[in-house]
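With mmCIF, C-alpha atoms inside, this is my_file-v9.cif:
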```cif
data_structure
loop_
_atom_site.group_PDB
_atom_site.id
_atom_site.type_symbol
_atom_site.label_atom_id
_atom_site.label_comp_id
_atom_site.auth_asym_id
_atom_site.auth_seq_id
_atom_site.Cartn_x
_atom_site.Cartn_y
_atom_site.Cartn_z
ATOM 1 C CA MET A 1152 0.289 -60.570 4.426
ATOM 2 C CA LYS A 1153 3.365 -58.473 3.673
ATOM 3 C CA PRO A 1154 5.441 -57.457 6.718
ATOM 4 C CA TRP A 1155 5.374 -53.737 5.912
ATOM 5 C CA LEU A 1156 1.618 -53.568 5.369
ATOM 6 C CA LEU A 1157 0.524 -53.368 9.019
ATOM 7 C CA PRO A 1158 2.985 -50.621 10.079
ATOM 8 C CA GLY A 1159 2.183 -48.783 6.855
ATOM 9 C CA LEU A 1160 -1.542 -48.877 7.538
ATOM 10 C CA LEU A 1161 -0.947 -47.746 11.115
ATOM 11 C CA LEU A 1162 1.128 -44.772 9.965
ATOM 12 C CA ALA A 1163 -1.456 -43.846 7.348
ATOM 13 C CA GLY A 1164 -4.189 -43.968 9.991
ATOM 14 C CA ILE A 1165 -2.212 -41.762 12.344
ATOM 15 C CA ALA A 1166 -1.471 -39.270 9.548
ATOM 16 C CA ALA A 1167 -5.116 -39.130 8.472
ATOM 17 C CA GLY A 1168 -6.342 -38.508 11.984
ATOM 18 C CA ASN A 1169 -3.693 -35.947 12.831
ATOM 19 C CA GLY A 1170 -5.248 -32.492 13.298
ATOM 20 C CA CYS A 1171 -1.872 -30.716 13.089
ATOM 21 C CA VAL A 1172 -2.056 -30.689 9.297
ATOM 22 C CA ARG A 1173 -5.002 -28.299 9.400
ATOM 23 C CA VAL A 1174 -3.499 -26.092 12.103
ATOM 24 C CA LYS A 1175 -0.364 -25.583 9.993
ATOM 25 C CA THR A 1176 -2.034 -24.879 6.654
ATOM 26 C CA GLU A 1177 -4.836 -22.510 7.668
ATOM 27 C CA PRO A 1178 -2.690 -19.517 8.684
ATOM 28 C CA ILE A 1179 -0.716 -19.818 5.433
ATOM 29 C CA HIS A 1180 -3.936 -19.667 3.434
ATOM 30 C CA ILE A 1181 -5.170 -16.670 5.428
ATOM 31 C CA THR A 1182 -1.865 -14.809 4.990
ATOM 32 C CA MET A 1183 -1.830 -15.488 1.259
ATOM 33 C CA ASP A 1184 -5.425 -14.323 0.992
ATOM 34 C CA VAL A 1185 -4.651 -11.045 2.809
ATOM 35 C CA ASN A 1186 -1.564 -10.453 0.662
ATOM 36 C CA LEU A 1187 -3.557 -11.049 -2.502
ATOM 37 C CA ARG A 1188 -6.278 -8.661 -1.350
ATOM 38 C CA ILE A 1189 -3.662 -6.014 -0.511
ATOM 39 C CA GLN A 1190 -2.064 -6.446 -3.954
ATOM 40 C CA ARG A 1191 -5.465 -6.119 -5.587
ATOM 41 C CA ASP A 1192 -6.347 -2.984 -3.600
ATOM 42 C CA LEU A 1193 -2.966 -1.443 -4.429
ATOM 43 C CA ASP A 1194 -3.532 -2.223 -8.112
ATOM 44 C CA ASN A 1195 -7.006 -0.707 -7.945
ATOM 45 C CA PHE A 1196 -5.725 2.528 -6.436
ATOM 46 C CA PHE A 1197 -2.343 2.971 -8.131
ATOM 47 C CA GLY A 1198 -3.076 1.224 -11.451
ATOM 48 C CA ASP A 1199 -4.012 4.420 -13.305
ATOM 49 C CA LEU A 1200 -1.120 6.376 -11.801
ATOM 50 C CA ASP A 1201 1.386 3.644 -12.674
ATOM 51 C CA GLN A 1202 0.098 3.587 -16.246
ATOM 52 C CA ALA A 1203 0.455 7.367 -16.476
ATOM 53 C CA ALA A 1204 4.040 7.408 -15.156
ATOM 54 C CA PRO A 1205 6.619 7.857 -17.930
ATOM 55 C CA ARG A 1206 9.129 5.040 -18.319
ATOM 56 C CA THR A 1207 12.181 7.049 -19.307
ATOM 57 C CA PRO A 1208 15.440 5.590 -17.973
ATOM 58 C CA ALA A 1209 17.103 7.557 -15.191
ATOM 59 C CA PRO A 1210 20.761 8.566 -15.505
ATOM 60 C CA ALA A 1211 23.428 7.309 -13.086
ATOM 61 C CA ALA A 1212 23.761 10.161 -10.635
ATOM 62 C CA ASN A 1213 23.765 10.520 -6.891
ATOM 63 C CA GLN A 1214 24.629 8.001 -4.233
ATOM 64 C CA PRO A 1215 21.962 7.035 -1.730
ATOM 65 C CA GLU A 1216 21.809 8.361 1.793
ATOM 66 C CA PRO A 1217 23.290 6.044 4.435
ATOM 67 C CA MET B 1371 -33.872 30.857 26.472
ATOM 68 C CA ARG B 1372 -36.035 30.541 23.379
ATOM 69 C CA PRO B 1373 -37.752 27.172 22.910
ATOM 70 C CA ILE B 1374 -36.570 25.162 19.889
ATOM 71 C CA ARG B 1375 -39.314 24.348 17.408
ATOM 72 C CA PRO B 1376 -39.938 20.607 17.130
ATOM 73 C CA PRO B 1377 -39.635 20.448 13.298
ATOM 74 C CA LEU B 1378 -36.270 22.209 13.451
ATOM 75 C CA LEU B 1379 -35.085 19.906 16.224
ATOM 76 C CA LEU B 1380 -36.168 16.826 14.271
ATOM 77 C CA ALA B 1381 -34.439 18.088 11.137
ATOM 78 C CA ALA B 1382 -31.224 18.695 13.060
ATOM 79 C CA ILE B 1383 -31.338 15.198 14.569
ATOM 80 C CA ALA B 1384 -32.011 13.646 11.132
ATOM 81 C CA LEU B 1385 -29.072 15.580 9.674
ATOM 82 C CA LEU B 1386 -26.737 14.390 12.422
ATOM 83 C CA LEU B 1387 -27.863 10.780 12.016
ATOM 84 C CA ALA B 1388 -27.455 10.933 8.239
ATOM 85 C CA ALA B 1389 -23.946 12.376 8.559
ATOM 86 C CA GLY B 1390 -22.865 9.436 10.678
ATOM 87 C CA SER B 1391 -24.661 6.732 8.735
ATOM 88 C CA PRO B 1392 -22.753 3.904 7.022
ATOM 89 C CA ALA B 1393 -24.100 5.037 3.657
ATOM 90 C CA THR B 1394 -22.542 8.467 4.108
ATOM 91 C CA ARG B 1395 -19.274 7.002 5.302
ATOM 92 C CA ALA B 1396 -19.242 4.684 2.285
ATOM 93 C CA GLN B 1397 -19.674 7.701 0.003
ATOM 94 C CA GLN B 1398 -16.839 9.560 1.743
ATOM 95 C CA GLY B 1399 -14.402 6.675 1.086
ATOM 96 C CA PRO B 1400 -14.401 6.770 -2.722
ATOM 97 C CA ALA B 1401 -14.551 10.585 -2.716
ATOM 98 C CA GLU B 1402 -11.509 10.785 -0.443
ATOM 99 C CA ALA B 1403 -9.668 8.235 -2.591
ATOM 100 C CA ALA B 1404 -10.465 10.276 -5.708
ATOM 101 C CA VAL B 1405 -9.064 13.428 -4.079
ATOM 102 C CA LEU B 1406 -5.878 11.581 -3.055
ATOM 103 C CA LYS B 1407 -5.463 10.127 -6.531
ATOM 104 C CA GLN B 1408 -6.009 13.520 -8.162
ATOM 105 C CA ARG B 1409 -3.315 15.107 -5.990
ATOM 106 C CA MET B 1410 -0.898 12.271 -6.764
ATOM 107 C CA ALA B 1411 -1.588 12.561 -10.496
ATOM 108 C CA GLU B 1412 -0.789 16.298 -10.364
ATOM 109 C CA ARG B 1413 2.519 15.570 -8.593
ATOM 110 C CA LEU B 1414 3.496 12.765 -10.953
ATOM 111 C CA PRO B 1415 5.344 14.793 -13.672
ATOM 112 C CA PRO B 1416 7.769 16.625 -11.339
ATOM 113 C CA LEU B 1417 8.319 13.572 -9.129
ATOM 114 C CA THR B 1418 9.031 11.417 -12.171
ATOM 115 C CA GLN B 1419 11.504 14.023 -13.404
ATOM 116 C CA TRP B 1420 13.312 14.173 -10.046
ATOM 117 C CA LYS B 1421 13.471 10.388 -9.932
ATOM 118 C CA ALA B 1422 14.852 10.301 -13.484
ATOM 119 C CA GLN B 1423 17.503 12.850 -12.444
ATOM 120 C CA GLY B 1424 18.560 10.632 -9.545
ATOM 121 C CA ILE B 1425 17.414 13.178 -6.963
ATOM 122 C CA LEU B 1426 14.749 10.875 -5.513
ATOM 123 C CA GLY B 1427 14.616 7.151 -4.850
ATOM 124 C CA GLU B 1428 11.940 4.708 -3.744
ATOM 125 C CA ASN B 1429 12.606 3.098 -0.364
ATOM 126 C CA ASN B 1430 11.518 -0.370 0.802
ATOM 127 C CA ARG B 1431 8.537 1.061 2.699
ATOM 128 C CA GLY B 1432 6.805 2.384 -0.411
ATOM 129 C CA LEU B 1433 7.896 5.989 0.207
ATOM 130 C CA LEU B 1434 10.062 8.537 -1.601
ATOM 131 C CA GLU B 1435 13.483 9.559 -0.264
ATOM 132 C CA PHE B 1436 16.072 12.110 -1.295
ATOM 133 C CA MET B 1437 19.339 10.595 -2.455
ATOM 134 C CA ALA B 1438 22.581 11.599 -0.777
ATOM 135 C CA GLY B 1439 24.194 14.651 -2.309
ATOM 136 C CA ALA B 1440 21.065 15.556 -4.217
ATOM 137 C CA ALA B 1441 20.046 19.211 -4.364
ATOM 138 C CA ARG B 1442 17.027 19.644 -2.105
ATOM 139 C CA GLN B 1443 14.900 22.274 -3.780
ATOM 140 C CA PRO B 1444 12.100 23.603 -1.566
ATOM 141 C CA ALA B 1445 9.543 22.612 -4.193
ATOM 142 C CA ALA B 1446 10.869 19.057 -4.199
ATOM 143 C CA GLU B 1447 10.922 18.878 -0.390
ATOM 144 C CA LYS B 1448 7.312 20.043 -0.263
ATOM 145 C CA ALA B 1449 6.199 17.634 -2.991
ATOM 146 C CA VAL B 1450 7.949 14.653 -1.377
ATOM 147 C CA ALA B 1451 6.417 15.402 2.030
ATOM 148 C CA ALA B 1452 2.945 15.737 0.508
ATOM 149 C CA GLU B 1453 3.352 12.616 -1.634
ATOM 150 C CA ASN B 1454 4.551 10.498 1.277
ATOM 151 C CA ALA B 1455 1.703 11.747 3.482
ATOM 152 C CA ASP B 1456 -0.843 10.822 0.809
ATOM 153 C CA ARG B 1457 0.786 7.427 0.230
ATOM 154 C CA LEU B 1458 0.652 6.698 3.965
ATOM 155 C CA ALA B 1459 -3.028 7.646 3.986
ATOM 156 C CA VAL B 1460 -3.683 5.173 1.157
ATOM 157 C CA TYR B 1461 -1.631 2.435 2.838
ATOM 158 C CA GLY B 1462 -3.543 3.029 6.073
ATOM 159 C CA LYS B 1463 -6.911 2.778 4.360
ATOM 160 C CA ILE B 1464 -5.960 -0.461 2.580
ATOM 161 C CA ALA B 1465 -4.511 -1.855 5.816
ATOM 162 C CA ARG B 1466 -7.702 -1.115 7.785
ATOM 163 C CA LYS B 1467 -9.809 -2.702 5.069
ATOM 164 C CA ASN B 1468 -7.718 -5.898 5.104
ATOM 165 C CA ASN B 1469 -7.031 -6.024 8.839
ATOM 166 C CA SER B 1470 -3.327 -5.507 8.163
ATOM 167 C CA THR B 1471 -0.784 -2.757 8.902
ATOM 168 C CA ALA B 1472 0.245 0.295 6.896
ATOM 169 C CA GLU B 1473 3.840 -0.980 7.077
ATOM 170 C CA ALA B 1474 2.895 -4.287 5.428
ATOM 171 C CA VAL B 1475 0.950 -2.485 2.713
ATOM 172 C CA GLY B 1476 3.865 -0.090 2.159
ATOM 173 C CA LYS B 1477 6.267 -3.004 1.736
ATOM 174 C CA ALA B 1478 3.932 -4.637 -0.779
ATOM 175 C CA ARG B 1479 3.716 -1.347 -2.668
ATOM 176 C CA ALA B 1480 7.518 -1.016 -2.634
ATOM 177 C CA GLN B 1481 7.753 -4.369 -4.430
ATOM 178 C CA GLN B 1482 5.267 -3.182 -7.057
ATOM 179 C CA ILE B 1483 7.199 0.066 -7.538
ATOM 180 C CA ALA B 1484 10.491 -1.816 -7.879
ATOM 181 C CA ALA B 1485 9.018 -4.146 -10.493
ATOM 182 C CA GLN B 1486 7.636 -1.258 -12.576
ATOM 183 C CA ALA B 1487 10.479 1.245 -12.152
ATOM 184 C CA PRO B 1488 12.371 2.172 -15.329
ATOM 185 C CA PRO B 1489 16.070 1.274 -15.621
ATOM 186 C CA GLY B 1490 18.308 3.719 -13.771
ATOM 187 C CA SER B 1491 15.848 4.267 -10.893
ATOM 188 C CA TRP B 1492 17.218 4.228 -7.352
ATOM 189 C CA LEU B 1493 15.518 1.559 -5.261
ATOM 190 C CA GLN B 1494 16.068 0.334 -1.701
ATOM 191 C CA ASP B 1495 15.937 -3.445 -1.419
ATOM 192 C CA ALA B 1496 14.450 -5.447 1.450
ATOM 193 C CA THR B 1497 17.803 -5.502 3.304
ATOM 194 C CA GLY B 1498 18.036 -1.689 3.238
ATOM 195 C CA ASP B 1499 20.707 -1.414 0.517
ATOM 196 C CA TRP B 1500 20.197 1.102 -2.270
ATOM 197 C CA ARG B 1501 20.699 -0.100 -5.835
ATOM 198 C CA GLN B 1502 20.216 1.448 -9.224
ATOM 199 C CA LYS B 1503 17.936 -0.657 -11.397
#
```

Structure encoded using structure tokens:
Amino acid sequence: MKPWLLPGLLLAGIAAGNGCVRVKTEPIHITMDVNLRIQRDLDNFFGDLDQAAPRTPAPAANQPEP
Amino acid sequence: MRPIRPPLLLAAIALLLAAGSPATRAQQGPAEAAVLKQRMAERLPPLTQWKAQGILGENNRGLLEFMAGAARQPAAEKAVAAENADRLAVYGKIARKNNSTAEAVGKARAQQIAAQAPPGSWLQDATGDWRQK
């Protein structure tokens, strides 16, 4: 038996049984899902208005407010 | 005091229940959204013109702002106030639907606006700096 096999198997077992992986990934998935739904709802509401907006370039003019 | 006739009382109760029912509220949602969208569509030509003239910019909260030194016509002031109020109403509705905040929705909308804005538009980036696209 190779010397690295036993520690390797032990580490793999610990990693597989570690619940932290799920705890870390779930909130990311939920946040992404909410962001996607918000983007979709924004597209649904503003899609027509954005299509109707003219795309003429604006001239260089005023400076922004501080 | 005159006694209320039972049929009239029942009709009044039915009317009140129907007004507060989920079906009625569901119908009010799309109708309200259509009214908001109609108002925004009517404001679009002048707002687009003021943005093209560099009078207005889009901030990083998904709202319109006057640029420094720009002439503040009363009509423009009124239109900007009305537009921002309607945008906030939309952001609030989307936020409630997704269990989020109007601020988060406004920021997401600001990114959409920045991506679609024509060259020359004044845009506020996430750090608060104003840049011309």

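Note that atom CA of Thr1471 of chain B and atom CA of Glu1428 of chain B are 19.4 Å apart.
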
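Going from atom CA of Ala1487 of chain B over to atom CA of Ala1404 of chain B, you cover 23.7 Å.
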
**OP:** Return as a list in words the set of residues that the PyMOL selection byres ((chain A and resi 1200) around 9) yields on the displayed structure.
**Re:** Phe1196, Phe1197, Gly1198, Asp1199, Asp1201, Gln1202, Ala1203 and Ala1204 of chain A; Lys1407, Met1410, Ala1411 and Leu1414 of chain B

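Atom CA of Arg1191 of chain A lies 19.9 Å from atom CA of Val1405 of chain B.
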
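For the point (7.9, 18.7, -11.4), the residues with an atom at a distance of at most 12 Å are Met1410, Ala1411, Glu1412, Arg1413, Leu1414, Pro1415, Pro1416, Leu1417, Thr1418, Gln1419, Trp1420, Lys1421, Ala1422, Gln1423, Ile1425, Leu1426, Gln1443, Pro1444, Ala1445, Ala1446, Glu1447, Lys1448, Ala1449 and Val1450 of chain B, counting all atoms listed in the file.
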
Original post:
Selected by the PyMOL selection byres ((chain B) within 10 of (chain A)) in the shown coordinates: which residues, as a PyMOL selection string?
Top reply: chain B and resi 1403-1404+1406-1408+1410-1411+1414-1415+1417-1427+1435-1441+1457+1460-1461+1463-1465+1467-1470+1474-1476+1478-1479+1482-1483+1486-1494+1498-1503

Please dump the current selection as a compact mmCIF listing (two decimals), keeping the file's coordinate frame; keep C-alpha atoms.
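Final output, saved to selection37.txt:
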```txt
# COMPACT_ATOMS: atom_id res chain seq x y z
CA ALA B 1403 -9.67 8.24 -2.59
CA ALA B 1404 -10.46 10.28 -5.71
CA LEU B 1406 -5.88 11.58 -3.06
CA LYS B 1407 -5.46 10.13 -6.53
CA GLN B 1408 -6.01 13.52 -8.16
CA MET B 1410 -0.90 12.27 -6.76
CA ALA B 1411 -1.59 12.56 -10.50
CA LEU B 1414 3.50 12.76 -10.95
CA PRO B 1415 5.34 14.79 -13.67
CA LEU B 1417 8.32 13.57 -9.13
CA THR B 1418 9.03 11.42 -12.17
CA GLN B 1419 11.50 14.02 -13.40
CA TRP B 1420 13.31 14.17 -10.05
CA LYS B 1421 13.47 10.39 -9.93
CA ALA B 1422 14.85 10.30 -13.48
CA GLN B 1423 17.50 12.85 -12.44
CA GLY B 1424 18.56 10.63 -9.54
CA ILE B 1425 17.41 13.18 -6.96
CA LEU B 1426 14.75 10.88 -5.51
CA GLY B 1427 14.62 7.15 -4.85
CA GLU B 1435 13.48 9.56 -0.26
CA PHE B 1436 16.07 12.11 -1.30
CA MET B 1437 19.34 10.60 -2.46
CA ALA B 1438 22.58 11.60 -0.78
CA GLY B 1439 24.19 14.65 -2.31
CA ALA B 1440 21.06 15.56 -4.22
CA ALA B 1441 20.05 19.21 -4.36
CA ARG B 1457 0.79 7.43 0.23
CA VAL B 1460 -3.68 5.17 1.16
CA TYR B 1461 -1.63 2.44 2.84
CA LYS B 1463 -6.91 2.78 4.36
CA ILE B 1464 -5.96 -0.46 2.58
CA ALA B 1465 -4.51 -1.86 5.82
CA LYS B 1467 -9.81 -2.70 5.07
CA ASN B 1468 -7.72 -5.90 5.10
CA ASN B 1469 -7.03 -6.02 8.84
CA SER B 1470 -3.33 -5.51 8.16
CA ALA B 1474 2.90 -4.29 5.43
CA VAL B 1475 0.95 -2.48 2.71
CA GLY B 1476 3.86 -0.09 2.16
CA ALA B 1478 3.93 -4.64 -0.78
CA ARG B 1479 3.72 -1.35 -2.67
CA GLN B 1482 5.27 -3.18 -7.06
CA ILE B 1483 7.20 0.07 -7.54
CA GLN B 1486 7.64 -1.26 -12.58
CA ALA B 1487 10.48 1.25 -12.15
CA PRO B 1488 12.37 2.17 -15.33
CA PRO B 1489 16.07 1.27 -15.62
CA GLY B 1490 18.31 3.72 -13.77
CA SER B 1491 15.85 4.27 -10.89
CA TRP B 1492 17.22 4.23 -7.35
CA LEU B 1493 15.52 1.56 -5.26
CA GLN B 1494 16.07 0.33 -1.70
CA GLY B 1498 18.04 -1.69 3.24
CA ASP B 1499 20.71 -1.41 0.52
CA TRP B 1500 20.20 1.10 -2.27
CA ARG B 1501 20.70 -0.10 -5.84
CA GLN B 1502 20.22 1.45 -9.22
CA LYS B 1503 17.94 -0.66 -11.40
```

Can I get segment 1182-1199 of chain A with N, CA and C atoms filled in, as a tab-separated table (two decimals), keeping the file's coordinate frame?
```tsv
chain	number	residue	atom	x	y	z
A	1182	THR	N	-2.88	-15.80	5.32
A	1182	THR	CA	-1.86	-14.81	4.99
A	1182	THR	C	-1.82	-14.56	3.50
A	1183	MET	N	-1.86	-15.64	2.71
A	1183	MET	CA	-1.83	-15.49	1.26
A	1183	MET	C	-3.04	-14.72	0.79
A	1184	ASP	N	-4.20	-15.00	1.39
A	1184	ASP	CA	-5.42	-14.32	0.99
A	1184	ASP	C	-5.31	-12.82	1.28
A	1185	VAL	N	-4.80	-12.46	2.45
A	1185	VAL	CA	-4.65	-11.04	2.81
A	1185	VAL	C	-3.67	-10.37	1.86
A	1186	ASN	N	-2.55	-11.04	1.58
A	1186	ASN	CA	-1.56	-10.45	0.66
A	1186	ASN	C	-2.15	-10.23	-0.73
A	1187	LEU	N	-2.94	-11.19	-1.18
A	1187	LEU	CA	-3.56	-11.05	-2.50
A	1187	LEU	C	-4.54	-9.89	-2.52
A	1188	ARG	N	-5.30	-9.76	-1.42
A	1188	ARG	CA	-6.28	-8.66	-1.35
A	1188	ARG	C	-5.57	-7.32	-1.30
A	1189	ILE	N	-4.44	-7.26	-0.58
A	1189	ILE	CA	-3.66	-6.01	-0.51
A	1189	ILE	C	-3.12	-5.67	-1.91
A	1190	GLN	N	-2.58	-6.67	-2.59
A	1190	GLN	CA	-2.06	-6.45	-3.95
A	1190	GLN	C	-3.17	-5.93	-4.87
A	1191	ARG	N	-4.34	-6.52	-4.74
A	1191	ARG	CA	-5.46	-6.12	-5.59
A	1191	ARG	C	-5.88	-4.68	-5.28
A	1192	ASP	N	-5.96	-4.34	-3.98
A	1192	ASP	CA	-6.35	-2.98	-3.60
A	1192	ASP	C	-5.31	-1.96	-4.05
A	1193	LEU	N	-4.03	-2.34	-3.95
A	1193	LEU	CA	-2.97	-1.44	-4.43
A	1193	LEU	C	-3.09	-1.24	-5.94
A	1194	ASP	N	-3.35	-2.33	-6.66
A	1194	ASP	CA	-3.53	-2.22	-8.11
A	1194	ASP	C	-4.73	-1.33	-8.44
A	1195	ASN	N	-5.81	-1.51	-7.69
A	1195	ASN	CA	-7.01	-0.71	-7.94
A	1195	ASN	C	-6.73	0.78	-7.75
A	1196	PHE	N	-5.96	1.10	-6.71
A	1196	PHE	CA	-5.72	2.53	-6.44
A	1196	PHE	C	-4.65	3.09	-7.35
A	1197	PHE	N	-3.50	2.40	-7.44
A	1197	PHE	CA	-2.34	2.97	-8.13
A	1197	PHE	C	-2.27	2.58	-9.61
A	1198	GLY	N	-3.16	1.71	-10.07
A	1198	GLY	CA	-3.08	1.22	-11.45
A	1198	GLY	C	-3.03	2.35	-12.47
A	1199	ASP	N	-3.96	3.30	-12.35
A	1199	ASP	CA	-4.01	4.42	-13.30
A	1199	ASP	C	-2.75	5.27	-13.23
```
